[in-house]
>>> print(open('protein17.pdb').read())   # PDB, C-alpha atoms
ATOM      1  CA  MET A1240      85.067  91.552 168.139
ATOM      2  CA  LYS A1241      86.664  88.267 166.995
ATOM      3  CA  THR A1242      83.858  87.819 164.467
ATOM      4  CA  ARG A1243      84.447  91.297 163.070
ATOM      5  CA  LEU A1244      88.194  90.740 162.840
ATOM      6  CA  LEU A1245      87.670  87.412 161.066
ATOM      7  CA  ALA A1246      85.282  89.007 158.598
ATOM      8  CA  ALA A1247      87.720  91.846 157.922
ATOM      9  CA  SER A1248      90.597  89.404 157.390
ATOM     10  CA  LEU A1249      88.496  87.295 155.048
ATOM     11  CA  ALA A1250      87.457  90.369 153.067
ATOM     12  CA  LEU A1251      91.105  91.453 152.758
ATOM     13  CA  LEU A1252      92.113  87.989 151.593
ATOM     14  CA  LEU A1253      89.353  87.838 148.998
ATOM     15  CA  SER A1254      90.259  91.321 147.809
ATOM     16  CA  ALA A1255      93.867  90.277 147.302
ATOM     17  CA  CYS A1256      92.782  87.193 145.359
ATOM     18  CA  ALA A1257      90.471  89.221 143.155
ATOM     19  CA  THR A1258      93.112  91.774 142.176
ATOM     20  CA  GLY A1259      95.895  89.264 141.569
ATOM     21  CA  PRO A1260      99.533  89.487 142.623
ATOM     22  CA  GLN A1261     101.215  92.812 143.211
ATOM     23  CA  ILE A1262     103.500  93.529 140.247
ATOM     24  CA  ASP A1263     106.237  96.142 140.128
ATOM     25  CA  THR A1264     106.341  97.899 136.726
ATOM     26  CA  THR A1265     109.351 100.087 137.458
ATOM     27  CA  PHE A1266     111.567  98.399 134.866
ATOM     28  CA  VAL A1267     110.725  98.233 131.148
ATOM     29  CA  SER A1268     112.737  96.249 128.605
ATOM     30  CA  GLN A1269     113.877  97.926 125.395
ATOM     31  CA  ASN A1270     113.698  94.567 123.613
ATOM     32  CA  GLN A1271     110.106  94.508 122.435
ATOM     33  CA  ASP A1272     107.736  95.549 119.694
ATOM     34  CA  SER A1273     104.053  95.312 118.879
ATOM     35  CA  ARG A1274     102.318  91.967 118.571
ATOM     36  CA  ALA A1275     100.696  93.397 115.418
ATOM     37  CA  GLN A1276     103.175  92.730 112.622
ATOM     38  CA  PHE A1277     100.756  92.695 109.677
ATOM     39  CA  LEU A1278      97.725  94.673 108.526
ATOM     40  CA  VAL A1279      95.285  92.686 106.376
ATOM     41  CA  LEU A1280      92.511  94.239 104.258
ATOM     42  CA  HIS A1281      89.299  92.400 103.335
ATOM     43  CA  TYR A1282      85.933  93.054 101.747
ATOM     44  CA  THR A1283      82.738  91.685 103.263
ATOM     45  CA  VAL A1284      80.706  90.614 100.147
ATOM     46  CA  ILE A1285      77.525  91.549 102.044
ATOM     47  CA  ASP A1286      75.869  94.799 103.105
ATOM     48  CA  PHE A1287      76.596  96.671 106.320
ATOM     49  CA  GLU A1288      73.818  95.213 108.469
ATOM     50  CA  LYS A1289      74.673  91.624 107.516
ATOM     51  CA  SER A1290      78.398  92.315 107.864
ATOM     52  CA  LEU A1291      77.932  93.660 111.367
ATOM     53  CA  ARG A1292      75.810  90.677 112.372
ATOM     54  CA  VAL A1293      78.256  88.116 110.997
ATOM     55  CA  LEU A1294      81.312  89.803 112.482
ATOM     56  CA  THR A1295      79.864  90.299 115.967
ATOM     57  CA  THR A1296      77.751  87.209 116.606
ATOM     58  CA  GLY A1297      78.211  83.449 116.228
ATOM     59  CA  GLY A1298      79.605  83.351 112.708
ATOM     60  CA  GLN A1299      83.091  82.265 113.870
ATOM     61  CA  VAL A1300      84.633  85.220 112.030
ATOM     62  CA  SER A1301      85.554  88.715 113.173
ATOM     63  CA  SER A1302      87.836  91.642 112.446
ATOM     64  CA  HIS A1303      89.301  94.457 114.456
ATOM     65  CA  TYR A1304      87.614  97.077 112.287
ATOM     66  CA  LEU A1305      84.662  97.368 109.930
ATOM     67  CA  VAL A1306      84.535 100.285 107.487
ATOM     68  CA  ARG A1307      81.019 101.091 106.333
ATOM     69  CA  ASP A1308      80.335 102.318 102.804
ATOM     70  CA  GLU A1309      77.419 104.723 103.319
ATOM     71  CA  PRO A1310      77.941 106.755 105.349
ATOM     72  CA  PRO A1311      81.663 105.954 105.550
ATOM     73  CA  THR A1312      82.121 105.057 109.218
ATOM     74  CA  ILE A1313      84.866 103.146 111.042
ATOM     75  CA  TYR A1314      83.715 100.673 113.711
ATOM     76  CA  ARG A1315      86.064  98.926 116.130
ATOM     77  CA  LEU A1316      84.757  95.419 116.764
ATOM     78  CA  VAL A1317      87.748  93.794 118.460
ATOM     79  CA  ASP A1318      90.304  95.547 120.627
ATOM     80  CA  GLU A1319      93.735  95.634 118.969
ATOM     81  CA  THR A1320      95.264  93.865 121.962
ATOM     82  CA  ARG A1321      93.126  90.802 121.233
ATOM     83  CA  ARG A1322      93.147  88.352 118.324
ATOM     84  CA  SER A1323      90.353  88.600 115.788
ATOM     85  CA  TRP A1324      89.426  85.711 113.493
ATOM     86  CA  HIS A1325      89.892  87.216 110.061
ATOM     87  CA  ALA A1326      92.866  85.631 108.268
ATOM     88  CA  GLY A1327      92.147  81.912 108.490
ATOM     89  CA  GLN A1328      94.678  79.585 106.855
ATOM     90  CA  SER A1329      97.259  82.090 105.659
ATOM     91  CA  SER A1330     100.892  82.675 104.756
ATOM     92  CA  TRP A1331     103.081  85.653 103.913
ATOM     93  CA  THR A1332     106.885  85.608 103.612
ATOM     94  CA  GLY A1333     106.949  82.320 105.476
ATOM     95  CA  HIS A1334     104.803  83.548 108.362
ATOM     96  CA  THR A1335     101.705  81.390 108.751
ATOM     97  CA  ASN A1336      98.388  81.564 110.622
ATOM     98  CA  LEU A1337      98.469  85.341 110.672
ATOM     99  CA  ASN A1338      95.529  85.875 113.025
ATOM    100  CA  ALA A1339      97.884  85.917 115.997
ATOM    101  CA  GLY A1340     100.127  88.659 114.632
ATOM    102  CA  SER A1341      97.873  90.878 112.556
ATOM    103  CA  ILE A1342      95.150  93.497 112.594
ATOM    104  CA  GLY A1343      92.220  92.928 110.246
ATOM    105  CA  ILE A1344      90.089  95.534 108.478
ATOM    106  CA  GLU A1345      86.845  94.475 106.803
ATOM    107  CA  ILE A1346      85.520  96.887 104.167
ATOM    108  CA  VAL A1347      81.813  96.766 103.310
ATOM    109  CA  ASN A1348      81.682  95.932  99.601
ATOM    110  CA  ALA A1349      79.497  93.673  97.462
ATOM    111  CA  GLY A1350      82.479  91.765  96.082
ATOM    112  CA  TRP A1351      81.707  90.210  92.717
ATOM    113  CA  VAL A1352      78.900  88.696  90.655
ATOM    114  CA  ASP A1353      79.123  86.319  87.728
ATOM    115  CA  SER A1354      78.350  87.630  84.246
ATOM    116  CA  PRO A1355      78.650  86.256  80.693
ATOM    117  CA  ASN A1356      82.066  87.958  80.586
ATOM    118  CA  GLY A1357      83.240  86.581  83.903
ATOM    119  CA  LYS A1358      83.341  88.079  87.387
ATOM    120  CA  VAL A1359      82.291  91.709  87.761
ATOM    121  CA  TYR A1360      83.593  93.403  90.895
ATOM    122  CA  ALA A1361      81.874  96.240  92.747
ATOM    123  CA  PRO A1362      83.655  99.601  93.090
ATOM    124  CA  PHE A1363      84.531 101.275  96.382
ATOM    125  CA  PRO A1364      83.165 104.783  97.135
ATOM    126  CA  GLN A1365      86.020 107.281  97.342
ATOM    127  CA  LYS A1366      84.979 108.522 100.789
ATOM    128  CA  GLN A1367      85.122 104.959 102.060
ATOM    129  CA  ILE A1368      88.628 104.564 100.628
ATOM    130  CA  ASP A1369      89.641 107.830 102.284
ATOM    131  CA  ALA A1370      88.477 106.397 105.616
ATOM    132  CA  VAL A1371      90.383 103.151 105.008
ATOM    133  CA  ILE A1372      93.577 105.051 104.189
ATOM    134  CA  ALA A1373      93.269 107.207 107.305
ATOM    135  CA  LEU A1374      92.721 104.099 109.433
ATOM    136  CA  CYS A1375      95.674 102.277 107.845
ATOM    137  CA  LYS A1376      97.994 105.235 108.417
ATOM    138  CA  ASP A1377      96.981 105.415 112.067
ATOM    139  CA  ILE A1378      97.452 101.677 112.662
ATOM    140  CA  VAL A1379     100.828 101.335 110.922
ATOM    141  CA  LYS A1380     102.173 104.377 112.737
ATOM    142  CA  ARG A1381     101.129 103.192 116.183
ATOM    143  CA  HIS A1382     102.334  99.626 115.668
ATOM    144  CA  ASN A1383     105.274 100.429 113.387
ATOM    145  CA  ILE A1384     104.038  97.914 110.809
ATOM    146  CA  ARG A1385     106.370  97.683 107.837
ATOM    147  CA  PRO A1386     104.866  98.981 104.565
ATOM    148  CA  GLU A1387     105.370  95.643 102.780
ATOM    149  CA  ARG A1388     103.275  93.990 105.481
ATOM    150  CA  VAL A1389     100.110  95.919 104.604
ATOM    151  CA  ILE A1390      98.466  93.272 102.459
ATOM    152  CA  GLY A1391      95.172  91.916 101.172
ATOM    153  CA  HIS A1392      93.377  88.743 102.180
ATOM    154  CA  ALA A1393      94.069  87.402  98.693
ATOM    155  CA  ASP A1394      97.807  87.907  99.183
ATOM    156  CA  ILE A1395      97.891  85.593 102.185
ATOM    157  CA  ALA A1396      95.419  83.053 100.753
ATOM    158  CA  PRO A1397      95.732  83.158  96.927
ATOM    159  CA  GLY A1398      93.115  81.131  95.082
ATOM    160  CA  ARG A1399      91.060  80.646  98.239
ATOM    161  CA  LYS A1400      90.345  84.373  98.622
ATOM    162  CA  GLN A1401      90.074  87.299  96.193
ATOM    163  CA  ASP A1402      89.470  90.242  98.519
ATOM    164  CA  PRO A1403      89.783  93.146  98.484
ATOM    165  CA  GLY A1404      89.654  92.492  94.721
ATOM    166  CA  PRO A1405      90.806  94.288  91.555
ATOM    167  CA  MET A1406      88.662  97.368  92.213
ATOM    168  CA  PHE A1407      90.497  98.145  95.422
ATOM    169  CA  PRO A1408      92.848 101.074  94.671
ATOM    170  CA  TRP A1409      96.177  99.902  96.082
ATOM    171  CA  LYS A1410      97.887 102.707  94.173
ATOM    172  CA  GLN A1411      96.039 105.229  96.345
ATOM    173  CA  LEU A1412      97.523 103.591  99.433
ATOM    174  CA  ALA A1413     100.933 103.912  97.802
ATOM    175  CA  ASP A1414     100.304 107.589  97.001
ATOM    176  CA  ALA A1415      99.411 108.093 100.675
ATOM    177  CA  GLY A1416     102.684 106.520 101.796
ATOM    178  CA  VAL A1417     101.081 103.417 103.303
ATOM    179  CA  ILE A1418     102.664 100.811 100.997
ATOM    180  CA  PRO A1419     105.656 100.780  98.613
ATOM    181  CA  TRP A1420     105.116 100.808  94.854
ATOM    182  CA  PRO A1421     107.212  99.881  91.794
ATOM    183  CA  ASP A1422     109.383 102.695  90.438
ATOM    184  CA  GLU A1423     107.671 103.717  87.199
ATOM    185  CA  ALA A1424     110.836 104.616  85.270
ATOM    186  CA  LYS A1425     112.470 101.284  86.090
ATOM    187  CA  LEU A1426     109.234  99.471  85.333
ATOM    188  CA  GLU A1427     108.926 101.032  81.875
ATOM    189  CA  ALA A1428     112.497 100.018  81.041
ATOM    190  CA  LYS A1429     111.779  96.452  82.141
ATOM    191  CA  ARG A1430     108.536  96.367  80.148
ATOM    192  CA  GLN A1431     110.479  97.065  76.985
ATOM    193  CA  GLU A1432     113.178  94.576  77.912
ATOM    194  CA  TYR A1433     110.793  91.686  78.550
ATOM    195  CA  ALA A1434     108.616  92.520  75.536
ATOM    196  CA  ALA A1435     111.660  92.024  73.318
ATOM    197  CA  LYS A1436     112.674  88.588  74.585
ATOM    198  CA  GLU A1437     111.305  85.187  75.482
ATOM    199  CA  LEU A1438     109.361  84.970  78.709
ATOM    200  CA  PRO A1439     111.149  83.511  81.739
ATOM    201  CA  SER A1440     110.329  79.977  82.831
ATOM    202  CA  ALA A1441     107.578  78.978  85.234
ATOM    203  CA  GLU A1442     110.314  78.311  87.779
ATOM    204  CA  TRP A1443     111.480  81.949  87.455
ATOM    205  CA  PHE A1444     107.945  83.244  88.067
ATOM    206  CA  GLN A1445     107.575  81.001  91.092
ATOM    207  CA  GLU A1446     110.905  82.113  92.529
ATOM    208  CA  ARG A1447     110.063  85.808  92.126
ATOM    209  CA  LEU A1448     106.542  85.446  93.517
ATOM    210  CA  ASN A1449     107.972  83.641  96.520
ATOM    211  CA  LYS A1450     110.443  86.487  96.992
ATOM    212  CA  VAL A1451     107.569  89.000  97.009
ATOM    213  CA  GLY A1452     106.004  87.021  99.862
ATOM    214  CA  TYR A1453     103.486  84.641  98.311
ATOM    215  CA  ALA A1454     103.135  80.974  99.226
ATOM    216  CA  VAL A1455     103.544  79.544  95.714
ATOM    217  CA  PRO A1456     104.334  76.043  94.413
ATOM    218  CA  ARG A1457     108.031  75.553  93.648
ATOM    219  CA  ASN A1458     107.739  72.747  91.082
ATOM    220  CA  GLY A1459     108.705  74.615  87.909
ATOM    221  CA  GLU A1460     105.247  74.047  86.406
ATOM    222  CA  LEU A1461     102.510  76.496  85.473
ATOM    223  CA  ASP A1462      99.941  74.605  87.516
ATOM    224  CA  ARG A1463      96.669  75.871  88.952
ATOM    225  CA  GLY A1464      98.248  76.916  92.230
ATOM    226  CA  THR A1465     100.860  79.008  90.427
ATOM    227  CA  GLN A1466      98.244  80.589  88.176
ATOM    228  CA  ASP A1467      96.187  81.530  91.253
ATOM    229  CA  VAL A1468      99.177  83.331  92.745
ATOM    230  CA  ILE A1469      99.975  85.091  89.463
ATOM    231  CA  ALA A1470      96.345  86.236  89.220
ATOM    232  CA  THR A1471      96.452  87.548  92.791
ATOM    233  CA  PHE A1472      99.671  89.447  92.078
ATOM    234  CA  GLN A1473      98.221  90.897  88.844
ATOM    235  CA  MET A1474      95.002  91.871  90.588
ATOM    236  CA  LYS A1475      97.044  94.077  92.905
ATOM    237  CA  TYR A1476      99.608  95.603  90.564
ATOM    238  CA  ARG A1477      97.975  95.249  87.112
ATOM    239  CA  PRO A1478      94.204  94.996  87.725
ATOM    240  CA  SER A1479      93.320  95.596  84.074
ATOM    241  CA  ASN A1480      94.242  91.962  83.342
ATOM    242  CA  TYR A1481      94.422  89.326  86.064
ATOM    243  CA  ALA A1482      93.969  86.172  84.000
ATOM    244  CA  GLY A1483      96.764  84.447  85.886
ATOM    245  CA  GLN A1484      98.918  83.901  82.821
ATOM    246  CA  PRO A1485     102.593  84.905  82.645
ATOM    247  CA  ASP A1486     103.289  87.805  80.283
ATOM    248  CA  SER A1487     105.986  90.408  79.716
ATOM    249  CA  GLU A1488     104.418  93.093  81.908
ATOM    250  CA  THR A1489     103.953  90.685  84.820
ATOM    251  CA  ALA A1490     107.587  89.634  84.432
ATOM    252  CA  ALA A1491     108.642  93.292  84.421
ATOM    253  CA  LEU A1492     106.651  93.990  87.578
ATOM    254  CA  LEU A1493     108.133  90.994  89.376
ATOM    255  CA  ASP A1494     111.649  91.928  88.286
ATOM    256  CA  VAL A1495     111.336  95.513  89.548
ATOM    257  CA  ILE A1496     109.569  94.642  92.802
ATOM    258  CA  THR A1497     112.150  92.015  93.754
ATOM    259  CA  SER A1498     115.224  94.028  92.731
ATOM    260  CA  PRO A1499     117.108  96.352  95.119
ATOM    261  CA  GLY A1500     115.876  99.918  94.657
ATOM    262  CA  GLY A1501     112.962  98.829  92.529
ATOM    263  CA  MET A1502     110.312  99.995  94.990
ATOM    264  CA  THR A1503     109.629 103.510  96.235
ATOM    265  CA  LEU A1504     107.781 104.788  99.285
ATOM    266  CA  LYS A1505     106.025 108.153  99.343
ATOM    267  CA  GLY A1506     107.188 110.489 102.089
ATOM    268  CA  GLU A1507     105.078 112.534 104.476
ATOM    269  CA  GLY A1508     103.291 115.609 103.111
ATOM    270  CA  ASP A1509     105.024 116.993 100.023
ATOM    271  CA  GLN A1510     108.145 114.877 100.438
ATOM    272  CA  PRO A1511     108.982 112.916  97.285
ATOM    273  CA  ALA A1512     108.984 109.166  97.070
ATOM    274  CA  ARG A1513     112.259 107.529  98.064
ATOM    275  CA  PRO A1514     113.744 104.128  97.210
ATOM    276  CA  TYR A1515     112.466 101.459  99.576
ATOM    277  CA  THR A1516     113.852  98.011 100.257
ATOM    278  CA  SER A1517     111.624  95.466 101.964
ATOM    279  CA  ARG A1518     112.878  94.002 105.253
ATOM    280  CA  TRP A1519     111.113  90.724 105.818
TER     281      TRP A1519
END
>>> encode(input="protein17.pdb", output="structure tokens")
Amino acid sequence: MKTRLLAASLALLLSACATGPQIDTTFVSQNQDSRAQFLVLHYTVIDFEKSLRVLTTGGQVSSHYLVRDEPPTIYRLVDETRRSWHAGQSSWTGHTNLNAGSIGIEIVNAGWVDSPNGKVYAPFPQKQIDAVIALCKDIVKRHNIRPERVIGHADIAPGRKQDPGPMFPWKQLADAGVIPWPDEAKLEAKRQEYAAKELPSAEWFQERLNKVGYAVPRNGELDRGTQDVIATFQMKYRPSNYAGQPDSETAALLDVITSPGGMTLKGEGDQPARPYTSRW
């Protein structure tokens, strides 16, 4: 009898140790939000099979989601409650090392190849983009991620990264209400204004790019680091020319995007776009 009682007591003790302490969850604080504060979009540069192998094995890189091109399929590779290794050295609006506070989406895409005329980027199939938009809308809604915090890998690592590249249709995400976009009427007025006067200084471009969210040199010089950030900005908002050189249209875009009421956000369904002010 004593042996049986000892065995039962030992089993109960081990059971308690295995399950951990008893925790009362009756009370829930109102002062909280999601750990996911940013949503970062990437392209893989390799095909689906290689992408899956790299992102799930010993390649020291991962993402929460992988969106296949053909057929367009969404795969969850890392649970959203856990940190995936997708952002690397990164910065946006002063926040650094974004792995800990972001969700990463890798999009299967060939990236770019060199040609006599420079880099040539691969397009994205529309059905794949539709899947990406649906996934983004679901994630930002569940985690209440601010629209200005849906960004590309290039945005958080300009010069070091180019993805998702100039072929990625950011405007479609804006039309779907995922991200804000410059007000076209205000942008056209600023285009004319800047075309008729001398370009602002390098310091002005740096200040405005920093206000958008980019980690940019603040030395008043048009150095390589500044040109990389300008190119990244152009690739997103003016992909027809992303040479990284200041020009009147880039100045107009920066002016509108960083001015109160310069951005709009599309509403749900048939609701019109409304003025949107970023809240960093």
>>> resolve_selection(input="protein17.pdb", expression="the PyMOL selection byres ((chain A and resi 1349-1351) around 8)", output="MDAnalysis selection string")
chainID A and resid 1282:1286 1347:1348 1352:1353 1358:1361 1402:1404
>>> resolve_selection(input="protein17.pdb", expression="the PyMOL selection byres ((chain A and resi 1429) around 12)", output="PyMOL selection string")
chain A and resi 1421-1428+1430-1436+1487-1496+1498+1501
>>> resolve_selection(input="protein17.pdb", expression="the PyMOL selection byres ((chain A and resi 1470-1478) around 10)", output="ChimeraX atom specification")
/A:1390-1398,1400-1410,1420-1421,1448,1451,1453,1464-1469,1479-1485,1488-1489,1492-1493
>>> write_last_selection(input="protein17.pdb", atoms="C-alpha atoms", output="PDB file, keeping the file's coordinate frame")
ATOM      1  CA  ILE A1390      98.466  93.272 102.459  1.00  0.00           C
ATOM      2  CA  GLY A1391      95.172  91.916 101.172  1.00  0.00           C
ATOM      3  CA  HIS A1392      93.377  88.743 102.180  1.00  0.00           C
ATOM      4  CA  ALA A1393      94.069  87.402  98.693  1.00  0.00           C
ATOM      5  CA  ASP A1394      97.807  87.907  99.183  1.00  0.00           C
ATOM      6  CA  ILE A1395      97.891  85.593 102.185  1.00  0.00           C
ATOM      7  CA  ALA A1396      95.419  83.053 100.753  1.00  0.00           C
ATOM      8  CA  PRO A1397      95.732  83.158  96.927  1.00  0.00           C
ATOM      9  CA  GLY A1398      93.115  81.131  95.082  1.00  0.00           C
ATOM     10  CA  LYS A1400      90.345  84.373  98.622  1.00  0.00           C
ATOM     11  CA  GLN A1401      90.074  87.299  96.193  1.00  0.00           C
ATOM     12  CA  ASP A1402      89.470  90.242  98.519  1.00  0.00           C
ATOM     13  CA  PRO A1403      89.783  93.146  98.484  1.00  0.00           C
ATOM     14  CA  GLY A1404      89.654  92.492  94.721  1.00  0.00           C
ATOM     15  CA  PRO A1405      90.806  94.288  91.555  1.00  0.00           C
ATOM     16  CA  MET A1406      88.662  97.368  92.213  1.00  0.00           C
ATOM     17  CA  PHE A1407      90.497  98.145  95.422  1.00  0.00           C
ATOM     18  CA  PRO A1408      92.848 101.074  94.671  1.00  0.00           C
ATOM     19  CA  TRP A1409      96.177  99.902  96.082  1.00  0.00           C
ATOM     20  CA  LYS A1410      97.887 102.707  94.173  1.00  0.00           C
ATOM     21  CA  TRP A1420     105.116 100.808  94.854  1.00  0.00           C
ATOM     22  CA  PRO A1421     107.212  99.881  91.794  1.00  0.00           C
ATOM     23  CA  LEU A1448     106.542  85.446  93.517  1.00  0.00           C
ATOM     24  CA  VAL A1451     107.569  89.000  97.009  1.00  0.00           C
ATOM     25  CA  TYR A1453     103.486  84.641  98.311  1.00  0.00           C
ATOM     26  CA  GLY A1464      98.248  76.916  92.230  1.00  0.00           C
ATOM     27  CA  THR A1465     100.860  79.008  90.427  1.00  0.00           C
ATOM     28  CA  GLN A1466      98.244  80.589  88.176  1.00  0.00           C
ATOM     29  CA  ASP A1467      96.187  81.530  91.253  1.00  0.00           C
ATOM     30  CA  VAL A1468      99.177  83.331  92.745  1.00  0.00           C
ATOM     31  CA  ILE A1469      99.975  85.091  89.463  1.00  0.00           C
ATOM     32  CA  SER A1479      93.320  95.596  84.074  1.00  0.00           C
ATOM     33  CA  ASN A1480      94.242  91.962  83.342  1.00  0.00           C
ATOM     34  CA  TYR A1481      94.422  89.326  86.064  1.00  0.00           C
ATOM     35  CA  ALA A1482      93.969  86.172  84.000  1.00  0.00           C
ATOM     36  CA  GLY A1483      96.764  84.447  85.886  1.00  0.00           C
ATOM     37  CA  GLN A1484      98.918  83.901  82.821  1.00  0.00           C
ATOM     38  CA  PRO A1485     102.593  84.905  82.645  1.00  0.00           C
ATOM     39  CA  GLU A1488     104.418  93.093  81.908  1.00  0.00           C
ATOM     40  CA  THR A1489     103.953  90.685  84.820  1.00  0.00           C
ATOM     41  CA  LEU A1492     106.651  93.990  87.578  1.00  0.00           C
ATOM     42  CA  LEU A1493     108.133  90.994  89.376  1.00  0.00           C
TER      43      LEU A1493
END
>>> atom_distance(input="protein17.pdb", atom1="atom CA of Val1306 of chain A", atom2="atom CA of Gly1416 of chain A")
20.0 Å
>>> closest_residue(input="protein17.pdb", among="A:Ile1313, A:Leu1438, A:Leu1280, A:Ala1339", to="Leu1412 of chain A", atoms="all atoms listed in the file")
A:Leu1280
>>> closest_residue(input="protein17.pdb", among="A:Ser1330, A:Trp1443, A:Leu1278, A:Asn1270", to="Cys1375 of chain A", atoms="only C-alpha atoms")
A:Leu1278
>>> closest_residue(input="protein17.pdb", among="A:Val1317, A:Ala1275, A:Ile1418, A:Glu1460", to="Ala1512 of chain A", atoms="all atoms listed in the file")
A:Ile1418
>>> closest_residue(input="protein17.pdb", among="A:Pro1364, A:Pro1355, A:Gly1340, A:Gly1459", to="Glu1309 of chain A", atoms="all atoms listed in the file")
A:Pro1364
>>> closest_residue(input="protein17.pdb", among="A:Glu1319, A:Ile1378, A:Ser1354, A:Thr1497", to="Glu1446 of chain A", atoms="all atoms listed in the file")
A:Thr1497
>>> residues_around(input="protein17.pdb", residues="Gly1500 of chain A", least_positions_apart="4", cutoff="7 Å", atoms="only C-alpha atoms", output="VMD selection string")
chain A and resid 1514 to 1516
>>> closest_residue(input="protein17.pdb", among="A:Leu1291, A:Ala1413, A:Met1502, A:Ile1342", to="Arg1274 of chain A", atoms="all atoms listed in the file")
A:Ile1342
